[in-house]
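Undergrad: Handing over model.txt, compact mmCIF, C-alpha atoms.
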```
# COMPACT_ATOMS: atom_id res chain seq x y z
CA LEU A 845 27.97 3.75 10.57
CA ASP A 846 29.05 0.25 9.56
CA LEU A 847 29.27 -2.34 12.33
CA SER A 848 28.54 -5.36 10.15
CA SER A 849 29.93 -8.86 10.70
CA ASN A 850 31.37 -8.37 14.18
CA ASN A 851 29.41 -10.97 16.19
CA PHE A 852 27.98 -8.22 18.40
CA THR A 853 25.26 -9.45 20.77
CA GLY A 854 22.55 -7.89 22.91
CA THR A 855 20.05 -5.19 22.09
CA VAL A 856 20.50 -2.01 20.12
CA PRO A 857 20.09 0.89 22.59
CA SER A 858 16.93 2.96 22.08
CA SER A 859 19.07 6.10 22.50
CA LEU A 860 20.39 5.40 18.99
CA ASN A 861 17.19 6.97 17.64
CA ASN A 862 18.45 10.33 18.98
CA THR A 863 21.45 10.28 16.65
CA VAL A 864 21.81 11.82 13.22
CA LEU A 865 22.86 8.98 10.94
CA ASN A 866 22.34 8.70 7.21
CA ARG A 867 23.40 5.07 6.84
CA LEU A 868 23.39 2.17 9.27
CA GLY A 869 24.82 -1.27 8.61
CA ILE A 870 24.62 -3.72 11.49
CA GLN A 871 23.97 -6.85 9.44
CA ASN A 872 25.51 -10.23 10.23
CA ASN A 873 25.66 -9.86 14.00
CA ARG A 874 23.58 -11.38 16.79
CA PHE A 875 21.51 -8.39 17.91
CA GLU A 876 18.10 -9.23 19.38
CA GLY A 877 14.95 -7.61 20.69
CA ASN A 878 13.24 -4.63 19.09
CA PHE A 879 14.96 -2.36 16.62
CA PRO A 880 14.78 1.38 17.48
CA TRP A 881 14.27 3.47 14.36
CA ILE A 882 16.58 6.33 13.53
CA PRO A 883 14.44 9.05 11.91
CA LYS A 884 16.76 10.34 9.14
CA LEU A 885 18.17 7.08 7.77
CA SER A 886 18.35 6.72 4.01
CA THR A 887 20.01 3.28 4.04
CA CYS A 888 19.49 0.64 6.72
CA ASP A 889 20.71 -2.96 6.71
CA ILE A 890 19.80 -4.94 9.83
CA SER A 891 19.61 -8.34 8.12
CA ASN A 892 20.96 -11.57 9.60
CA ASN A 893 20.37 -10.78 13.27
CA SER A 894 17.79 -11.97 15.78
CA PHE A 895 15.49 -8.95 15.93
CA SER A 896 11.88 -9.70 16.84
CA GLY A 897 8.55 -8.03 17.46
CA THR A 898 6.81 -5.75 14.99
CA LEU A 899 8.61 -3.63 12.47
CA PRO A 900 8.50 0.02 13.47
CA LYS A 901 7.21 2.60 11.01
CA VAL A 902 9.70 2.94 8.16
CA PRO A 903 11.14 6.49 7.90
CA ASN A 904 9.72 8.58 5.04
CA ASP A 905 13.10 9.31 3.43
CA ILE A 906 14.49 5.77 3.48
CA MET A 907 15.71 4.47 0.13
CA THR A 908 17.11 1.05 1.08
CA PHE A 909 15.85 -1.17 3.90
CA LYS A 910 17.13 -4.72 4.40
CA ALA A 911 15.78 -6.73 7.33
CA ALA A 912 15.97 -10.29 6.01
CA TYR A 913 16.62 -13.25 8.30
CA ASN A 914 15.17 -11.81 11.50
CA SER A 915 11.96 -12.70 13.34
CA PHE A 916 9.78 -9.65 12.73
CA GLU A 917 6.01 -10.05 12.53
CA GLY A 918 2.95 -7.93 11.89
CA PRO A 919 2.18 -5.23 9.33
CA ILE A 920 4.75 -3.20 7.43
CA GLN A 921 4.18 0.54 7.83
CA LEU A 922 5.31 2.15 4.58
CA THR A 923 2.86 5.03 4.63
CA LYS A 924 5.01 7.73 3.04
CA ALA A 925 8.20 5.90 2.06
CA ILE A 926 8.04 7.20 -1.51
CA LYS A 927 11.84 7.12 -2.00
CA LEU A 928 12.09 3.43 -1.15
CA SER A 929 13.79 1.59 -3.99
CA LEU A 930 14.93 -1.61 -2.21
CA LEU A 931 13.02 -3.52 0.46
CA ASP A 932 14.23 -6.97 1.55
CA LEU A 933 12.22 -8.75 4.25
CA SER A 934 12.94 -12.33 3.14
```
Would you give me this structure, written as structure tokens?
TA:
Amino acid sequence: LDLSSNNFTGTVPSSLNNTVLNRLGIQNNRFEGNFPWIPKLSTCDISNNSFSGTLPKVPNDIMTFKAAYNSFEGPIQLTKAIKLSLLDLS
């Protein structure tokens, strides 16, 4: 699902974590609040938004996670993310 660069605003609904998505691109919008994790994601780009709070636990099978230019804080939970090849939290 690619919804990047659309100037969407508001929060991402928590019901999104009940979907079966492999890739999610919502970068370059104006989403805010907490980001609800989607369990089976392999690629996730949520960079250049206004997300805040703590980062949720990163899914085990994720390979690419980009969350740069948000306002996350706290620890990064990468316990079993052994497939992770790209992590951008700048």
Undergrad: Identify, on the basis of only C-alpha atoms, every residue whose closest approach to A:Ser896 does not exceed 6 Å; exclude the query and any residue fewer than 5 positions from it along the same chain; express the result as a list in words.
TA: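 Contacts, with the query itself left out: Gly877, Asn878, Ser915 and Phe916 of chain A.
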Undergrad: So, with only C-alpha atoms as the atoms that count, which of A:Ile890, A:Ile882, A:Ile870, A:Ile920 lies closest to A:Asn851?
TA: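 Of the candidates, the smallest distance to A:Asn851 is held by A:Ile870.
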Undergrad: So how far away is atom CA of A:Asn861 from atom CA of A:Trp881, in Å?
TA: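 Straight-line distance from atom CA of A:Trp881 to atom CA of A:Asn861 works out to 5.6 Å.
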Undergrad: Please, what distance in Å, to one decimal, runs between atom CA of A:Leu899 and atom CA of A:Asn873?
TA: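 So the two atoms, atom CA of A:Leu899 and atom CA of A:Asn873, lie 18.2 Å apart.
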Undergrad: Show me as a PDB file with C-alpha atoms, in the coordinates of the input the residues that reach within 10 Å of (23.1, -8.0, 21.7), counting only C-alpha atoms and using the file's own coordinates.
TA:
```pdb
ATOM      1  CA  ASN A 851      29.410 -10.970  16.190  1.00  0.00           C
ATOM      2  CA  PHE A 852      27.980  -8.220  18.400  1.00  0.00           C
ATOM      3  CA  THR A 853      25.260  -9.450  20.770  1.00  0.00           C
ATOM      4  CA  GLY A 854      22.550  -7.890  22.910  1.00  0.00           C
ATOM      5  CA  THR A 855      20.050  -5.190  22.090  1.00  0.00           C
ATOM      6  CA  VAL A 856      20.500  -2.010  20.120  1.00  0.00           C
ATOM      7  CA  PRO A 857      20.090   0.890  22.590  1.00  0.00           C
ATOM      8  CA  ASN A 873      25.660  -9.860  14.000  1.00  0.00           C
ATOM      9  CA  ARG A 874      23.580 -11.380  16.790  1.00  0.00           C
ATOM     10  CA  PHE A 875      21.510  -8.390  17.910  1.00  0.00           C
ATOM     11  CA  GLU A 876      18.100  -9.230  19.380  1.00  0.00           C
ATOM     12  CA  GLY A 877      14.950  -7.610  20.690  1.00  0.00           C
ATOM     13  CA  ASN A 893      20.370 -10.780  13.270  1.00  0.00           C
ATOM     14  CA  SER A 894      17.790 -11.970  15.780  1.00  0.00           C
ATOM     15  CA  PHE A 895      15.490  -8.950  15.930  1.00  0.00           C
TER      16      PHE A 895
END
```
Undergrad: Give me the residues near A:Asn904 as an NGL selection string, where near means some atom within 10 Å (using only C-alpha atoms) and where sequence neighbours in that chain fewer than 6 positions away do not count.
TA: :A and (883-886 or 922-928)
Undergrad: Suppose you want the space between atom CA of A:Ser858 and atom CA of A:Gln921; what is it in Å?
TA: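 Value for the atom CA of A:Ser858-atom CA of A:Gln921 distance: 19.3 Å.
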Undergrad: Looking at only C-alpha atoms, which of A:Leu931, A:Asn850, A:Pro919, A:Tyr913 is the one that sits closest to A:Cys888?
TA: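 The shortest atom-to-atom distance to A:Cys888 comes from A:Leu931.
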Undergrad: Which residue is closest to A:Asn866? Choose from A:Asn892, A:Met907, A:Gly897, A:Val902 and count all atoms listed in the file.
TA: A:Met907
Undergrad: Using the file's own x, y and z axes, what box holds all listed atoms of stretch 911-930 of chain A with 5 Å on each side, keeping edges along x, y and z, and what are its centre and edge lengths in Å to one decimal, as JSON?
TA:
```
{"center_x": 9.4, "center_y": -2.8, "center_z": 4.7, "size_x": 24.4, "size_y": 31.0, "size_z": 27.3}
```
Undergrad: Go through A:Thr887, A:Gly918, A:Asp846, A:Leu860 one by one, measure the shortest atom-to-atom distance of each to A:Pro903 using all atoms listed in the file, and give the residue with the smallest value.
TA: A:Thr887
